[in-house]
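Chemist: Would you mind keeping the following structure in view while I ask a few things?
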Amino acid sequence: MTSSIYESWTRIETWLANNAPRTFAELAPPAERAAIARAEEAIGLAFPHSLRESLLRHEGTADGVLLPPFWMMLNTQHIVDAWTSRTDIHGPQRPDAETGDLEREHGPWWHRQWIPFAADGAGDYLVIDQRPTRQRGRIGAADHENGCHFKTHPMWTSLPDLLDMTATAIETGGLLDCYERVVIDERELTWEF
């Protein structure tokens with residue numbers, strides 16, 4: 001059974017505080033509800049409950065990698081900036097954008113119903129797919145060159161699954177989709193392939 005966002009964050013925080021204090025220090029304080037509401041209004045999409053709950057716990061991870069293999073969680077303003085930038089580059093929604101199988105493994109370069117919530121610092125984002133499909137809420141990796149890829153590993157099913165499996169992997173040292181947690185200089189979390 002998947003842990004709640006609250007439980008996963010508690011597990012992550014506890015482990016980081018004891019084993020990777022630099023990464024723990026990079027966890028931002030909670031977002032204000034008004035900031036989340038402004039971000040939702042700016043992009044014209046309601047955040048899924050899990051993203052709101054996560055932001056109310058930590059509004060991003062500064063420059064610290066938290067999610068495997070190299071993802072830093074975004075704050076509300078960076079979510080808006082990333083969504084706006086990608087949407088502006090993509091241009092107007094094409095009439096044929098929704099043809100075909102919306103649940104396939106590879107998506108278009110960008111879609112207005114994707115909410116970016118993590119970045120790699122090189123122009124790529126993790127997004128929550130908010131399109132009305134059976135897999136609504138799944139996580140995709142929106143590459144700045146090749147479009148979006150929706151991996152089949154269970155960790156990418158939803159934000160609660162991603163945080164729960166991340167918490168388990170950092171607690172146990174077990175592999176997560178071929179990534180292993182490593183602590184650099186006994187202070188900072190990173191992931192190795």
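Just so we're on the same page: first chain in the structure tokens is A, next is B, and so on; residues restart at 1 for each chain, and ligands are numbered from 1 in the order they show up.
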Might you pull out every residue within 10 Å of A:Glu7, with only C-alpha atoms counted and same-chain residues fewer than 4 positions away left off, and present them as a VMD selection string?
Modeler: chain A and resid 2 to 3 11 to 13 160 163 to 164 167
Chemist: A:Phe193: which residues within 12 Å, counting only C-alpha atoms, same-chain residues fewer than 4 positions away excluded, as a ChimeraX atom specification?
Modeler: /A:68-70,175-182
Chemist: Could you tell me, as an MDAnalysis selection string, which residues of stretch 12-144 of chain A DSSP assigns to alpha helix (DSSP H) when given the backbone?
Modeler: chainID A and resid 12:19 21:25 33:43 49:57 76:90
Chemist: Give the answer as one residue: which of A:Gln77, A:Thr87, A:Thr61, A:Thr152 has the shortest atom-to-atom distance to A:Glu32, using only C-alpha atoms?
Modeler: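 Of the candidates, the smallest distance to A:Glu32 is held by A:Gln77.
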Chemist: Check the DSSP output for the backbone and give back, as a ChimeraX atom specification, the residues of stretch 150-186 of chain A in strand (DSSP E or B).
Modeler: /A:176,179-184
Chemist: Restricted to N, CA, C and O atoms, what would the selected residues look like written as a tab-separated table (two decimals), in the first residue's frame?
Modeler:
chain	number	residue	atom	x	y	z
A	176	LEU	N	15.98	1.60	-7.00
A	176	LEU	CA	14.70	2.14	-7.44
A	176	LEU	C	14.80	2.40	-8.93
A	176	LEU	O	15.49	3.33	-9.35
A	179	TYR	N	18.24	2.83	-9.99
A	179	TYR	CA	18.99	3.90	-9.35
A	179	TYR	C	19.22	3.56	-7.88
A	179	TYR	O	18.34	3.02	-7.22
A	180	GLU	N	20.40	3.90	-7.40
A	180	GLU	CA	20.76	3.63	-6.01
A	180	GLU	C	21.13	4.93	-5.33
A	180	GLU	O	21.88	5.75	-5.86
A	181	ARG	N	20.62	5.11	-4.12
A	181	ARG	CA	20.95	6.34	-3.39
A	181	ARG	C	22.38	6.26	-2.88
A	181	ARG	O	22.87	5.20	-2.48
A	182	VAL	N	23.05	7.41	-2.92
A	182	VAL	CA	24.42	7.54	-2.45
A	182	VAL	C	24.48	8.83	-1.65
A	182	VAL	O	23.82	9.81	-1.99
A	183	VAL	N	25.27	8.82	-0.59
A	183	VAL	CA	25.47	10.04	0.19
A	183	VAL	C	26.91	10.51	-0.04
A	183	VAL	O	27.86	9.77	0.18
A	184	ILE	N	27.03	11.74	-0.52
A	184	ILE	CA	28.34	12.32	-0.80
A	184	ILE	C	28.85	13.03	0.45
A	184	ILE	O	28.13	13.85	1.05
Chemist: Residues at most 6 Å from stretch 78-81 of chain A, counting only C-alpha atoms, excluding those fewer than 2 positions away in the same chain, as an NGL selection string?
Modeler: :A and (39 or 74-76 or 83-85 or 116-117)
Chemist: From the set A:Thr168, A:Thr190, A:Thr157, A:Thr10, which residue has the shortest atom-to-atom contact distance to A:Trp71, counting only C-alpha atoms?
Modeler: A:Thr190
Chemist: Tell me, as a VMD selection string, which residues lie within 10 Å of A:Lys151, counting only C-alpha atoms; anything in the same chain fewer than 3 positions away does not count.
Modeler: chain A and resid 104 to 106 138 to 141 148 154 to 157
Chemist: Would you export the selected residues with all heavy atoms as a short mmCIF file (atom, residue, chain, number, x, y, z; two decimals), in the first residue's frame, please?
Modeler:
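Heads up, here's the output in selection-v5.cif:
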data_model
loop_
_atom_site.label_atom_id
_atom_site.label_comp_id
_atom_site.auth_asym_id
_atom_site.auth_seq_id
_atom_site.Cartn_x
_atom_site.Cartn_y
_atom_site.Cartn_z
N ARG A 104 -0.34 6.52 -24.50
CA ARG A 104 0.87 5.87 -25.01
C ARG A 104 2.10 6.28 -24.20
O ARG A 104 2.06 7.23 -23.44
CB ARG A 104 1.05 6.16 -26.50
CG ARG A 104 1.24 7.63 -26.83
CD ARG A 104 1.19 7.83 -28.36
NE ARG A 104 1.35 9.23 -28.70
CZ ARG A 104 0.36 10.09 -28.82
NH1 ARG A 104 -0.89 9.71 -28.59
NH2 ARG A 104 0.58 11.34 -29.15
N GLU A 105 3.19 5.57 -24.42
CA GLU A 105 4.41 5.78 -23.66
C GLU A 105 5.10 7.10 -24.00
O GLU A 105 5.73 7.72 -23.15
CB GLU A 105 5.37 4.61 -23.93
CG GLU A 105 6.61 4.64 -23.08
CD GLU A 105 7.48 3.41 -23.32
OE1 GLU A 105 6.98 2.39 -23.79
OE2 GLU A 105 8.68 3.51 -23.03
N HIS A 106 4.98 7.52 -25.24
CA HIS A 106 5.60 8.79 -25.65
C HIS A 106 4.51 9.80 -25.97
O HIS A 106 3.58 9.50 -26.73
CB HIS A 106 6.51 8.60 -26.87
CG HIS A 106 7.70 7.74 -26.57
ND1 HIS A 106 8.82 8.23 -25.96
CD2 HIS A 106 7.91 6.42 -26.76
CE1 HIS A 106 9.69 7.26 -25.80
NE2 HIS A 106 9.17 6.14 -26.28
N ARG A 138 -0.38 10.31 -13.83
CA ARG A 138 0.91 9.64 -14.03
C ARG A 138 2.01 10.68 -14.23
O ARG A 138 1.75 11.83 -14.57
CB ARG A 138 0.87 8.69 -15.21
CG ARG A 138 0.72 9.38 -16.56
CD ARG A 138 0.65 8.38 -17.68
NE ARG A 138 0.30 9.07 -18.93
CZ ARG A 138 0.48 8.55 -20.12
NH1 ARG A 138 0.99 7.34 -20.24
NH2 ARG A 138 0.13 9.22 -21.19
N ILE A 139 3.24 10.25 -14.01
CA ILE A 139 4.40 11.13 -14.10
C ILE A 139 5.11 10.89 -15.43
O ILE A 139 5.37 9.75 -15.82
CB ILE A 139 5.40 10.85 -12.94
CG1 ILE A 139 4.71 10.92 -11.58
CG2 ILE A 139 6.61 11.77 -13.03
CD1 ILE A 139 4.13 12.26 -11.23
N GLY A 140 5.44 11.98 -16.10
CA GLY A 140 6.19 11.91 -17.35
C GLY A 140 7.45 12.74 -17.25
O GLY A 140 7.52 13.68 -16.45
N ALA A 141 8.44 12.39 -18.04
CA ALA A 141 9.68 13.16 -18.13
C ALA A 141 9.64 13.94 -19.43
O ALA A 141 9.76 13.36 -20.52
CB ALA A 141 10.89 12.24 -18.08
N CYS A 148 7.92 14.16 -24.38
CA CYS A 148 7.64 13.55 -23.08
C CYS A 148 7.62 12.03 -23.18
O CYS A 148 7.13 11.46 -24.15
CB CYS A 148 6.30 14.05 -22.55
SG CYS A 148 6.05 13.71 -20.81
N PRO A 154 6.46 1.24 -11.81
CA PRO A 154 5.40 1.69 -10.90
C PRO A 154 5.68 3.02 -10.19
O PRO A 154 4.75 3.71 -9.79
CB PRO A 154 5.30 0.55 -9.88
CG PRO A 154 5.85 -0.65 -10.57
CD PRO A 154 6.89 -0.13 -11.52
N MET A 155 6.95 3.41 -10.04
CA MET A 155 7.24 4.67 -9.35
C MET A 155 6.70 5.87 -10.12
O MET A 155 6.50 6.93 -9.54
CB MET A 155 8.74 4.83 -9.10
CG MET A 155 9.55 5.14 -10.34
SD MET A 155 11.34 5.12 -10.05
CE MET A 155 11.64 6.81 -9.63
N TRP A 156 6.45 5.71 -11.40
CA TRP A 156 5.99 6.82 -12.24
C TRP A 156 4.47 6.85 -12.38
O TRP A 156 3.93 7.63 -13.15
CB TRP A 156 6.65 6.75 -13.61
CG TRP A 156 8.14 6.72 -13.52
CD1 TRP A 156 8.96 5.69 -13.87
CD2 TRP A 156 9.01 7.76 -13.05
NE1 TRP A 156 10.28 6.02 -13.64
CE2 TRP A 156 10.34 7.29 -13.13
CE3 TRP A 156 8.80 9.05 -12.55
CZ2 TRP A 156 11.44 8.04 -12.74
CZ3 TRP A 156 9.89 9.80 -12.16
CH2 TRP A 156 11.19 9.30 -12.26
N THR A 157 3.76 6.03 -11.60
CA THR A 157 2.30 5.97 -11.69
C THR A 157 1.63 7.23 -11.16
O THR A 157 0.62 7.68 -11.69
CB THR A 157 1.78 4.73 -10.92
OG1 THR A 157 2.42 3.57 -11.45
CG2 THR A 157 0.30 4.58 -11.03
#
Chemist: So the first atom is atom CA of A:Glu145 and the second is atom CA of A:Ala46; what is the distance between them in Å, to one decimal place?
Modeler: 27.0 Å
Chemist: Distance atom CA of A:Ser50-atom CA of A:Asn19, one decimal place?
Modeler: 26.0 Å
Chemist: To one decimal place in Å, what is the distance between atom CA of A:Asp185 and atom CA of A:Arg22?
Modeler: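 Interatomic distance, atom CA of A:Asp185 to atom CA of A:Arg22: 9.8 Å.
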Chemist: Which residues are near A:Asp143? Cut-off 9 Å, only C-alpha atoms, ignore same chain within fewer than 6 positions. Put them as a PyMOL selection string.
Modeler: chain A and resi 109+123-126+149
Chemist: Can you pull out the residues contacting A:Arg57? Cut-off 8 Å, using only C-alpha atoms, and skip same-chain residues under 4 positions away; I want them as a ChimeraX atom specification.
Modeler: /A:6,9,29-31,53
Chemist: Keeping all heavy atoms for every residue in the selection just given, could you write it to a file as a PDB file, in the first residue's frame?
Modeler:
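So out-v2.pdb came out as:
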ATOM      1  N   TYR A   6       2.012  12.863   3.212  1.00  0.00           N
ATOM      2  CA  TYR A   6       2.484  13.256   4.542  1.00  0.00           C
ATOM      3  C   TYR A   6       3.442  12.208   5.116  1.00  0.00           C
ATOM      4  O   TYR A   6       4.524  12.536   5.608  1.00  0.00           O
ATOM      5  CB  TYR A   6       1.286  13.466   5.476  1.00  0.00           C
ATOM      6  CG  TYR A   6       1.674  13.817   6.879  1.00  0.00           C
ATOM      7  CD1 TYR A   6       1.938  15.133   7.241  1.00  0.00           C
ATOM      8  CD2 TYR A   6       1.789  12.827   7.854  1.00  0.00           C
ATOM      9  CE1 TYR A   6       2.305  15.464   8.544  1.00  0.00           C
ATOM     10  CE2 TYR A   6       2.155  13.137   9.149  1.00  0.00           C
ATOM     11  CZ  TYR A   6       2.420  14.454   9.487  1.00  0.00           C
ATOM     12  OH  TYR A   6       2.793  14.771  10.764  1.00  0.00           O
ATOM     13  N   TRP A   9       6.790  12.107   3.156  1.00  0.00           N
ATOM     14  CA  TRP A   9       7.653  13.235   3.505  1.00  0.00           C
ATOM     15  C   TRP A   9       8.266  13.044   4.894  1.00  0.00           C
ATOM     16  O   TRP A   9       9.439  13.367   5.105  1.00  0.00           O
ATOM     17  CB  TRP A   9       6.893  14.559   3.435  1.00  0.00           C
ATOM     18  CG  TRP A   9       6.984  15.222   2.102  1.00  0.00           C
ATOM     19  CD1 TRP A   9       5.959  15.537   1.261  1.00  0.00           C
ATOM     20  CD2 TRP A   9       8.179  15.676   1.447  1.00  0.00           C
ATOM     21  NE1 TRP A   9       6.437  16.142   0.123  1.00  0.00           N
ATOM     22  CE2 TRP A   9       7.795  16.249   0.216  1.00  0.00           C
ATOM     23  CE3 TRP A   9       9.531  15.652   1.782  1.00  0.00           C
ATOM     24  CZ2 TRP A   9       8.719  16.802  -0.679  1.00  0.00           C
ATOM     25  CZ3 TRP A   9      10.456  16.194   0.885  1.00  0.00           C
ATOM     26  CH2 TRP A   9      10.045  16.754  -0.322  1.00  0.00           C
ATOM     27  N   PRO A  29      10.631  25.538   3.178  1.00  0.00           N
ATOM     28  CA  PRO A  29       9.481  25.512   4.098  1.00  0.00           C
ATOM     29  C   PRO A  29       8.183  25.318   3.310  1.00  0.00           C
ATOM     30  O   PRO A  29       8.191  25.349   2.077  1.00  0.00           O
ATOM     31  CB  PRO A  29       9.540  26.887   4.767  1.00  0.00           C
ATOM     32  CG  PRO A  29      10.362  27.734   3.881  1.00  0.00           C
ATOM     33  CD  PRO A  29      11.280  26.835   3.120  1.00  0.00           C
ATOM     34  N   PRO A  30       7.082  25.143   4.004  1.00  0.00           N
ATOM     35  CA  PRO A  30       5.800  24.936   3.313  1.00  0.00           C
ATOM     36  C   PRO A  30       5.401  26.140   2.470  1.00  0.00           C
ATOM     37  O   PRO A  30       5.696  27.287   2.803  1.00  0.00           O
ATOM     38  CB  PRO A  30       4.798  24.761   4.467  1.00  0.00           C
ATOM     39  CG  PRO A  30       5.616  24.412   5.652  1.00  0.00           C
ATOM     40  CD  PRO A  30       6.955  25.056   5.458  1.00  0.00           C
ATOM     41  N   ALA A  31       4.708  25.845   1.375  1.00  0.00           N
ATOM     42  CA  ALA A  31       4.128  26.906   0.547  1.00  0.00           C
ATOM     43  C   ALA A  31       2.919  27.486   1.278  1.00  0.00           C
ATOM     44  O   ALA A  31       2.283  26.815   2.091  1.00  0.00           O
ATOM     45  CB  ALA A  31       3.693  26.347  -0.797  1.00  0.00           C
ATOM     46  N   GLU A  53      -0.648  18.926  -1.476  1.00  0.00           N
ATOM     47  CA  GLU A  53      -0.220  18.403  -0.187  1.00  0.00           C
ATOM     48  C   GLU A  53       1.307  18.410  -0.063  1.00  0.00           C
ATOM     49  O   GLU A  53       1.857  18.765   0.979  1.00  0.00           O
ATOM     50  CB  GLU A  53      -0.759  16.978  -0.002  1.00  0.00           C
ATOM     51  CG  GLU A  53      -0.635  16.454   1.394  1.00  0.00           C
ATOM     52  CD  GLU A  53      -1.278  15.084   1.565  1.00  0.00           C
ATOM     53  OE1 GLU A  53      -1.929  14.586   0.628  1.00  0.00           O
ATOM     54  OE2 GLU A  53      -1.108  14.515   2.658  1.00  0.00           O
TER      55      GLU A  53
END
